[in-house]
$ cat my_file-v2.txt   # compact mmCIF, C-alpha atoms
# COMPACT_ATOMS: atom_id res chain seq x y z
CA MET N 187 4.91 11.48 2.02
CA LEU N 188 3.18 10.50 5.25
CA VAL N 189 -0.54 10.28 4.60
CA PRO N 190 -2.58 12.41 7.06
CA PRO N 191 -4.85 10.64 9.56
CA SER N 192 -8.00 9.43 7.85
CA PRO N 193 -11.63 9.38 8.97
CA LEU N 194 -13.55 6.16 9.43
CA SER N 195 -13.99 4.57 6.02
CA LEU N 196 -14.55 1.19 4.42
CA ARG N 197 -13.44 0.18 0.94
CA PRO N 198 -13.56 -3.12 -0.94
CA ILE N 199 -10.50 -5.21 -1.68
CA VAL N 200 -10.79 -6.92 -5.04
CA PRO N 201 -8.18 -7.95 -7.63
CA ASN N 202 -7.80 -5.40 -10.41
CA PRO N 203 -4.78 -6.20 -12.61
CA LYS N 204 -5.40 -3.14 -14.80
CA GLN N 205 -4.61 -0.82 -11.90
CA GLY N 206 -1.21 -2.35 -11.17
CA ARG N 207 0.16 -4.63 -8.49
CA TRP N 208 1.90 -1.72 -6.78
CA ARG N 209 -1.44 -0.60 -5.34
CA THR N 210 -1.53 -3.64 -3.07
CA GLU N 211 1.83 -5.40 -3.03
CA ALA N 212 4.20 -2.46 -2.63
CA MET N 213 5.16 -1.59 0.94
CA ARG N 214 3.35 1.42 2.38
CA SER N 215 2.09 2.76 5.69
CA TYR N 216 -0.65 5.05 6.92
CA SER N 217 -0.88 7.34 9.90
CA SER N 218 -4.17 5.69 10.87
CA ALA N 219 -4.63 1.99 11.68
CA ARG N 220 -6.18 -0.42 9.18
CA LEU N 221 -8.28 -3.56 9.64
CA PHE N 222 -7.97 -6.05 6.80
CA TYR N 223 -11.07 -8.30 6.53
CA VAL N 224 -10.97 -11.24 4.10
CA THR N 225 -14.27 -12.86 3.15
CA LYS N 226 -13.15 -15.00 0.22
CA GLY N 227 -9.93 -16.39 -1.24
CA GLN N 228 -6.41 -16.52 0.11
CA GLY N 229 -3.07 -14.83 -0.25
CA ARG N 230 -0.13 -13.43 1.68
CA ILE N 231 0.39 -10.24 3.63
CA THR N 232 3.68 -8.75 4.80
CA ILE N 233 3.60 -6.54 7.89
CA ALA N 234 6.77 -5.03 9.36
CA GLY N 235 8.83 -7.45 7.26
CA LEU N 236 7.01 -10.62 8.36
CA THR N 237 4.96 -12.50 5.75
CA SER N 238 1.94 -14.61 6.73
CA GLY N 239 -0.79 -16.35 4.82
CA TYR N 240 -4.43 -15.34 5.08
CA GLY N 241 -7.72 -16.94 4.09
CA PRO N 242 -11.48 -16.53 4.41
CA ASN N 243 -12.83 -15.08 7.67
CA ASN N 244 -9.47 -13.59 8.62
CA LEU N 245 -9.15 -10.23 10.35
CA ILE N 246 -5.73 -8.58 10.37
CA PHE N 247 -5.12 -5.44 12.40
CA ILE N 248 -2.30 -3.16 11.20
CA PRO N 249 -1.26 -0.36 13.58
CA ALA N 250 -0.66 3.18 12.36
CA ASN N 251 2.74 3.91 10.79
CA THR N 252 3.45 0.21 10.20
CA MET N 253 4.86 -0.81 6.82
CA PHE N 254 2.81 -3.44 4.97
CA GLY N 255 1.81 -4.80 1.58
CA TYR N 256 -0.38 -7.69 0.49
CA GLU N 257 -0.87 -10.06 -2.39
CA ILE N 258 -4.36 -10.83 -3.66
CA GLY N 259 -5.27 -13.68 -5.96
CA THR N 260 -8.00 -13.64 -8.58
CA MET N 261 -10.56 -15.07 -6.14
CA VAL N 262 -9.87 -12.77 -3.19
CA PHE N 263 -12.53 -10.44 -1.87
CA GLY N 264 -12.48 -8.43 1.32
CA GLN N 265 -12.70 -4.99 2.89
CA MET N 266 -10.21 -2.54 4.35
CA LEU N 267 -11.43 -0.54 7.32
CA THR N 268 -9.70 2.71 8.23
CA ILE N 269 -9.73 3.28 12.00
CA PRO N 270 -9.60 6.94 13.07
CA ASN N 271 -6.86 7.88 15.52
CA SER N 272 -9.55 8.99 17.96
CA MET N 273 -10.51 5.31 18.31
CA ALA N 274 -6.96 3.91 18.35
CA SER N 275 -6.97 3.23 22.10
CA ASP N 276 -9.73 0.63 21.57
CA TRP N 277 -7.44 -1.49 19.40
CA PRO N 278 -4.18 -3.42 19.98
CA GLU N 279 -0.85 -1.61 20.01
CA THR N 280 0.74 -4.25 17.80
CA THR N 281 -0.22 -6.28 14.73
CA ALA N 282 -2.85 -8.93 15.41
CA HIS N 283 -4.14 -11.70 13.15
CA LEU N 284 -7.51 -13.31 13.92
CA ARG N 285 -8.58 -16.47 12.10
CA LEU N 286 -12.28 -17.03 12.75
CA ARG N 287 -13.35 -20.68 12.54
CA ASP N 288 -16.62 -20.53 14.49
CA VAL N 289 -19.61 -20.07 12.16
CA VAL N 290 -21.59 -18.05 14.70
CA ALA N 291 -18.67 -15.66 15.16
CA GLN N 292 -18.26 -15.37 11.38
CA LYS N 293 -21.91 -14.33 11.02
CA GLU N 294 -21.60 -11.82 13.85
CA LEU N 295 -18.52 -10.30 12.25
CA GLN N 296 -20.23 -9.93 8.86
CA SER N 297 -23.23 -8.34 10.55
CA GLN N 298 -21.01 -5.77 12.24
CA PHE N 299 -19.27 -4.85 8.98
CA ASP N 300 -22.66 -4.57 7.29
CA SER N 301 -23.84 -2.21 10.03
CA ILE N 302 -20.76 0.01 9.66
CA GLU N 303 -21.17 0.09 5.89
CA LYS N 304 -24.86 0.94 6.19
CA GLU N 305 -24.18 3.90 8.47
CA LEU N 306 -21.31 5.17 6.32
CA LYS N 307 -23.54 5.14 3.25
CA SER N 308 -26.46 6.75 5.04
CA THR N 309 -27.26 10.43 4.74
CA GLY N 310 -29.49 10.42 7.79
CA GLN N 311 -28.93 12.48 10.89
CA THR N 312 -26.18 11.25 13.29
CA HIS N 313 -25.10 8.49 10.87
CA SER N 314 -21.41 9.33 11.41
CA ARG N 315 -21.75 8.95 15.17
CA ALA N 316 -23.66 5.70 14.71
CA ALA N 317 -20.85 4.35 12.50
CA MET N 318 -18.31 5.19 15.21
CA TYR N 319 -20.39 3.35 17.81
CA GLN N 320 -20.53 0.33 15.50
CA LEU N 321 -16.75 0.52 15.18
CA GLY N 322 -16.51 0.46 18.98
CA LEU N 323 -18.59 -2.71 19.09
CA LEU N 324 -16.34 -4.24 16.44
CA SER N 325 -13.28 -3.48 18.57
CA VAL N 326 -14.90 -5.31 21.51
CA PHE N 327 -15.68 -8.30 19.27
CA PHE N 328 -12.10 -8.34 17.95
CA GLU N 329 -10.58 -8.19 21.44
CA ARG N 330 -12.80 -10.99 22.77
CA GLN N 331 -12.17 -13.28 19.81
CA LEU N 332 -8.43 -12.65 19.92
CA ALA N 333 -8.34 -13.51 23.64
CA ALA N 334 -10.31 -16.70 23.01
CA ALA N 335 -8.21 -17.90 20.07
CA PRO N 336 -4.87 -16.11 19.78
CA ASP N 337 -2.75 -16.79 16.71
CA GLN N 338 0.12 -18.33 18.63
CA ALA N 339 2.02 -19.50 15.55
CA THR N 340 2.27 -16.02 14.05
CA ALA N 341 3.06 -14.52 17.44
CA ALA N 342 5.88 -17.03 17.94
CA ARG N 343 7.35 -16.24 14.51
CA ALA N 344 7.25 -12.52 15.28
CA GLN N 345 9.39 -13.09 18.37
CA THR N 346 12.30 -14.79 16.59
CA SER N 347 15.55 -12.84 16.45
CA ALA N 348 15.29 -12.54 12.67
CA ALA N 349 11.73 -11.17 12.81
CA ARG N 350 12.64 -8.65 15.51
CA LEU N 351 15.61 -7.43 13.47
CA VAL N 352 13.57 -7.09 10.29
CA ALA N 353 10.77 -5.31 12.17
CA ALA N 354 13.33 -2.81 13.45
CA TYR N 355 14.63 -2.42 9.90
CA ALA N 356 11.10 -1.82 8.62
CA ASP N 357 10.63 0.89 11.25
CA LEU N 358 13.83 2.60 10.13
CA ILE N 359 12.79 2.40 6.48
CA GLU N 360 9.46 3.97 7.33
CA ARG N 361 11.20 6.79 9.14
CA ASP N 362 14.00 7.49 6.66
CA PHE N 363 13.10 6.02 3.26
CA SER N 364 13.02 9.46 1.63
CA LYS N 365 16.59 10.31 2.66
CA GLY N 366 18.36 8.20 0.06
CA PHE N 367 20.15 5.90 2.52
CA GLY N 368 21.32 2.48 1.39
CA VAL N 369 21.08 -0.90 3.11
CA SER N 370 24.59 -0.50 4.56
CA HIS N 371 23.48 2.60 6.45
CA TYR N 372 20.50 0.80 8.01
CA ALA N 373 22.56 -2.29 8.82
CA LYS N 374 25.11 -0.13 10.63
CA MET N 375 22.35 1.52 12.64
CA LEU N 376 21.08 -1.93 13.62
CA GLY N 377 24.56 -3.21 14.51
CA VAL N 378 24.64 -5.99 11.90
CA THR N 379 26.20 -6.57 8.49
CA PRO N 380 24.22 -5.97 5.29
CA THR N 381 24.61 -9.67 4.50
CA HIS N 382 23.05 -10.71 7.80
CA LEU N 383 20.22 -8.21 7.42
CA THR N 384 19.42 -9.50 3.94
CA ARG N 385 19.57 -13.10 5.18
CA CYS N 386 17.01 -12.28 7.88
CA CYS N 387 14.74 -10.43 5.43
CA ASN N 388 14.78 -13.39 3.07
CA GLN N 389 13.92 -15.63 5.99
CA THR N 390 10.93 -13.60 7.23
CA CYS N 391 9.39 -12.27 4.01
CA GLN N 392 11.23 -13.81 1.04
CA LYS N 393 12.53 -10.38 0.02
CA SER N 394 16.03 -8.97 0.30
CA ALA N 395 16.78 -5.95 2.46
CA LEU N 396 17.33 -3.92 -0.69
CA ALA N 397 14.03 -5.07 -2.19
CA LEU N 398 12.10 -3.99 0.90
CA LEU N 399 13.71 -0.56 0.80
CA HIS N 400 13.21 -0.08 -2.94
CA ASN N 401 9.65 -1.39 -2.65
CA ARG N 402 8.75 1.29 -0.10
CA VAL N 403 10.34 4.11 -2.11
CA HIS N 404 8.62 2.94 -5.27
CA PHE N 405 5.17 2.99 -3.68
CA GLU N 406 5.76 6.56 -2.56
CA ALA N 407 6.89 7.52 -6.04
CA CYS N 408 3.73 6.01 -7.54
CA GLU N 409 1.55 7.83 -5.01
CA LEU N 410 3.24 11.17 -5.65
CA LEU N 411 2.90 10.75 -9.41
CA ARG N 412 -0.72 9.67 -9.08
CA GLU N 413 -1.97 12.01 -6.36
CA THR N 414 0.00 15.22 -6.84
CA ASN N 415 1.08 17.62 -9.56
CA LEU N 416 4.62 17.90 -8.24
CA PRO N 417 7.22 18.18 -11.01
CA ILE N 418 9.20 14.98 -11.49
CA ASN N 419 12.45 16.65 -10.42
CA LYS N 420 10.77 17.68 -7.15
CA ILE N 421 9.58 14.11 -6.56
CA ALA N 422 13.10 12.84 -7.21
CA THR N 423 14.51 15.25 -4.64
CA GLN N 424 11.78 14.48 -2.12
CA LEU N 425 12.57 10.76 -2.35
CA GLY N 426 16.33 11.16 -1.96
CA PHE N 427 17.43 10.55 -5.57
CA ARG N 428 20.55 12.39 -6.66
CA SER N 429 18.97 13.51 -9.95
CA ALA N 430 15.70 13.45 -11.85
CA ALA N 431 17.37 11.38 -14.58
CA TYR N 432 18.45 8.71 -12.09
CA PHE N 433 14.95 8.66 -10.60
CA ALA N 434 13.41 8.26 -14.06
CA ARG N 435 15.69 5.32 -14.93
CA ASP N 436 15.02 3.63 -11.60
CA PHE N 437 11.26 4.13 -11.86
CA THR N 438 11.14 2.86 -15.45
CA THR N 439 13.09 -0.26 -14.49
CA LYS N 440 10.64 -1.06 -11.70
CA SER N 441 7.37 -0.21 -13.40
CA GLY N 442 8.02 -0.68 -17.10
CA ALA N 443 6.91 2.91 -17.71
CA CYS N 444 8.66 6.23 -17.38
CA PRO N 445 7.30 8.62 -14.71
CA THR N 446 5.56 10.81 -17.30
CA ALA N 447 3.76 7.86 -18.89
CA PHE N 448 2.81 6.44 -15.50
CA ARG N 449 1.36 9.79 -14.41
CA LYS N 450 -0.67 9.94 -17.61
CA PHE N 451 -1.86 6.33 -17.84
CA GLY N 452 -1.35 4.82 -14.38
CA ASN N 453 -5.00 5.14 -13.37
CA ALA N 454 -6.55 3.69 -16.50
CA ALA N 455 -6.37 0.60 -18.67
CA THR N 456 -3.93 0.97 -21.53
CA THR N 457 -2.71 -1.14 -24.39
CA THR N 458 0.65 -1.31 -22.62
CA GLN N 459 0.11 -3.73 -19.77
CA GLN N 460 3.28 -2.65 -18.02
CA ILE N 461 1.93 0.85 -17.39
CA GLY N 462 1.11 1.04 -13.69
CA ASN N 463 2.03 -2.62 -13.22
CA THR N 464 5.08 -2.74 -11.02
CA ARG N 465 7.46 -5.65 -11.42
CA PHE N 466 8.26 -7.13 -7.99
$ encode --input "my_file-v2.txt" --output "structure tokens"
Amino acid sequence: MLVPPSPLSLRPIVPNPKQGRWRTEAMRSYSSARLFYVTKGQGRITIAGLTSGYGPNNLIFIPANTMFGYEIGTMVFGQMLTIPNSMASDWPETTAHLRLRDVVAQKELQSQFDSIEKELKSTGQTHSRAAMYQLGLLSVFFERQLAAAPDQATAARAQTSAARLVAAYADLIERDFSKGFGVSHYAKMLGVTPTHLTRCCNQTCQKSALALLHNRVHFEACELLRETNLPINKIATQLGFRSAAYFARDFTTKSGACPTAFRKFGNAATTTQQIGNTRF
């Protein structure tokens, strides 16, 4: 299920164990770019199969249709900005990680996010256009700061042979995850053995090739159960499972709840902590 392009929006990122780790940690992608802004705390984010650490005053740009997931600790706070496709040309074509250390720049960044949030919450005339202009100014700030202090360490890691292979694998997963293919199929397409592909995945993101694939399918299953009224057998077919029963067993193993229970309780606190809390 490829999510349609989204309008400009801003939402908070805060830990919420009751909602389930799958909402953040499971691999997903969107057809519009995202800007991940961390104001407090630290954690790890995996983008296109490459895991990096993040901390306060970090900005991470994630291009459209790029597979990612992130871990958030109990002290993490931040915001996720959705960048409309109409503004995509103002942003990088590839993932970019900006670590702001200058206090003046940090204050300027916070001011720009505050301005965007103010316009998005406003009901006044032309507020939507004003928010888009503020987003344009943010893109200029991001480009200037990135040019002044590029994250050379992350860029160097992304250019290793292992990272390039895993990034290609992540692209294939994103394209074909609903077709029911196994790791051997993807490895053959990439011209490597499944063992080598898994070795590279473990090296770049501490997950096996199979885990990355299952992780992406599981997120989609959770989204379909949460956001649609599709019958479970239809979801199983849409995600490439050979039967609804096999899908139900697989989903229960990963989440600790059967699809029906997850659909019923996945959006609310329950006495069963495993409901909506994917085991990774």
$ closest_residue --input "my_file-v2.txt" --among "N:Ser192, N:Asn202, N:Gln296, N:Thr210" --to "N:Pro242" --atoms "all atoms listed in the file"
N:Gln296
$ atom_distance --input "my_file-v2.txt" --atom1 "atom CA of N:Asp300" --atom2 "atom CA of N:Pro278"
22.4 Å
$ closest_atom_pairs --input "my_file-v2.txt" --of "stretch 221-260 of chain N" --to "stretch 398-410 of chain N" --cutoff "12 Å" --atoms "only C-alpha atoms" --output "JSON lines"
{"residue": "N:Thr232", "atom": "CA", "partner": "N:Leu398", "partner_atom": "CA", "distance": 10.4}
{"residue": "N:Ile233", "atom": "CA", "partner": "N:Leu398", "partner_atom": "CA", "distance": 11.3}
{"residue": "N:Ala234", "atom": "CA", "partner": "N:Leu398", "partner_atom": "CA", "distance": 10.1}
{"residue": "N:Gly235", "atom": "CA", "partner": "N:Leu398", "partner_atom": "CA", "distance": 7.9}
{"residue": "N:Leu236", "atom": "CA", "partner": "N:Leu398", "partner_atom": "CA", "distance": 11.2}
{"residue": "N:Thr252", "atom": "CA", "partner": "N:Arg402", "partner_atom": "CA", "distance": 11.6}
{"residue": "N:Met253", "atom": "CA", "partner": "N:Arg402", "partner_atom": "CA", "distance": 8.2}
{"residue": "N:Phe254", "atom": "CA", "partner": "N:Arg402", "partner_atom": "CA", "distance": 9.1}
{"residue": "N:Gly255", "atom": "CA", "partner": "N:Arg402", "partner_atom": "CA", "distance": 9.4}
$ atom_distance --input "my_file-v2.txt" --atom1 "atom CA of N:Lys365" --atom2 "atom CA of N:Tyr256"
24.8 Å
$ residues_around --input "my_file-v2.txt" --residues "N:Ile302" --least-positions-apart "3" --cutoff "8 Å" --atoms "only C-alpha atoms" --output "PyMOL selection string"
chain N and resi 298-299+305-306+317-318+320-321
$ residues_around --input "my_file-v2.txt" --residues "N:Ile231" --least-positions-apart "2" --cutoff "12 Å" --atoms "all atoms listed in the file" --output "ChimeraX atom specification"
/N:210-213,222-224,228-229,233-241,244-248,253-259,281,283,390-392
$ closest_residue --input "my_file-v2.txt" --among "N:Thr381, N:Ser218, N:Asn251, N:Gln205" --to "N:Ser272" --atoms "only C-alpha atoms"
N:Ser218
$ decode --input "my_file-v2.txt" --residues "stretch 341-419 of chain N" --atoms "C-alpha atoms" --output "short mmCIF file (atom, residue, chain, number, x, y, z; two decimals), in the first residue's frame"
data_model
loop_
_atom_site.label_atom_id
_atom_site.label_comp_id
_atom_site.auth_asym_id
_atom_site.auth_seq_id
_atom_site.Cartn_x
_atom_site.Cartn_y
_atom_site.Cartn_z
CA ALA N 341 28.42 9.80 3.68
CA ALA N 342 31.55 7.63 3.66
CA ARG N 343 29.68 4.71 5.24
CA ALA N 344 26.94 5.02 2.63
CA GLN N 345 29.50 4.58 -0.14
CA THR N 346 30.90 1.25 1.06
CA SER N 347 30.14 -1.77 -1.12
CA ALA N 348 28.01 -3.31 1.63
CA ALA N 349 25.92 -0.15 2.07
CA ARG N 350 25.38 0.21 -1.67
CA LEU N 351 24.25 -3.41 -1.93
CA VAL N 352 21.86 -3.10 1.00
CA ALA N 353 20.48 0.18 -0.36
CA ALA N 354 19.75 -1.59 -3.65
CA TYR N 355 18.10 -4.40 -1.71
CA ALA N 356 15.98 -1.89 0.22
CA ASP N 357 14.85 -0.35 -3.08
CA LEU N 358 13.81 -3.77 -4.37
CA ILE N 359 11.94 -4.54 -1.17
CA GLU N 360 10.09 -1.27 -1.45
CA ARG N 361 9.11 -2.07 -5.01
CA ASP N 362 8.15 -5.72 -4.59
CA PHE N 363 7.49 -6.46 -0.90
CA SER N 364 3.83 -7.28 -1.58
CA LYS N 365 4.64 -9.99 -4.13
CA GLY N 366 5.65 -12.68 -1.67
CA PHE N 367 9.26 -13.03 -2.88
CA GLY N 368 11.89 -14.46 -0.56
CA VAL N 369 15.44 -13.33 0.13
CA SER N 370 16.82 -15.77 -2.47
CA HIS N 371 14.83 -14.02 -5.19
CA TYR N 372 16.21 -10.59 -4.25
CA ALA N 373 19.75 -11.92 -3.89
CA LYS N 374 19.57 -13.41 -7.38
CA MET N 375 18.37 -10.10 -8.78
CA LEU N 376 21.34 -8.39 -7.13
CA GLY N 377 23.82 -11.00 -8.35
CA VAL N 378 24.90 -12.18 -4.89
CA THR N 379 24.20 -15.13 -2.61
CA PRO N 380 21.60 -14.88 0.17
CA THR N 381 24.40 -15.46 2.68
CA HIS N 382 26.40 -12.51 1.37
CA LEU N 383 23.32 -10.28 1.31
CA THR N 384 22.51 -11.14 4.91
CA ARG N 385 26.12 -10.56 5.94
CA CYS N 386 26.00 -7.07 4.42
CA CYS N 387 22.64 -6.28 6.04
CA ASN N 388 23.98 -7.30 9.43
CA GLN N 389 26.99 -5.09 8.82
CA THR N 390 25.04 -1.95 7.87
CA CYS N 391 21.95 -2.14 10.09
CA GLN N 392 22.34 -5.09 12.48
CA LYS N 393 19.37 -6.85 10.85
CA SER N 394 19.34 -9.86 8.58
CA ALA N 395 18.09 -9.62 5.01
CA LEU N 396 15.05 -11.67 6.02
CA ALA N 397 14.34 -9.40 9.00
CA LEU N 398 14.37 -6.29 6.80
CA LEU N 399 11.94 -7.90 4.37
CA HIS N 400 9.61 -9.21 7.08
CA ASN N 401 9.81 -5.88 8.90
CA ARG N 402 8.55 -4.00 5.84
CA VAL N 403 5.71 -6.45 5.18
CA HIS N 404 4.67 -6.36 8.82
CA PHE N 405 4.39 -2.57 8.88
CA GLU N 406 2.14 -2.70 5.84
CA ALA N 407 0.00 -5.36 7.48
CA CYS N 408 -0.37 -3.20 10.60
CA GLU N 409 -1.30 -0.17 8.50
CA LEU N 410 -3.89 -2.09 6.50
CA LEU N 411 -5.43 -3.52 9.65
CA ARG N 412 -5.43 -0.13 11.35
CA GLU N 413 -6.43 2.16 8.48
CA THR N 414 -8.75 0.07 6.32
CA ASN N 415 -11.73 -2.24 6.61
CA LEU N 416 -10.31 -4.76 4.17
CA PRO N 417 -11.12 -8.36 5.12
CA ILE N 418 -8.13 -10.22 6.53
CA ASN N 419 -8.07 -12.65 3.61
#
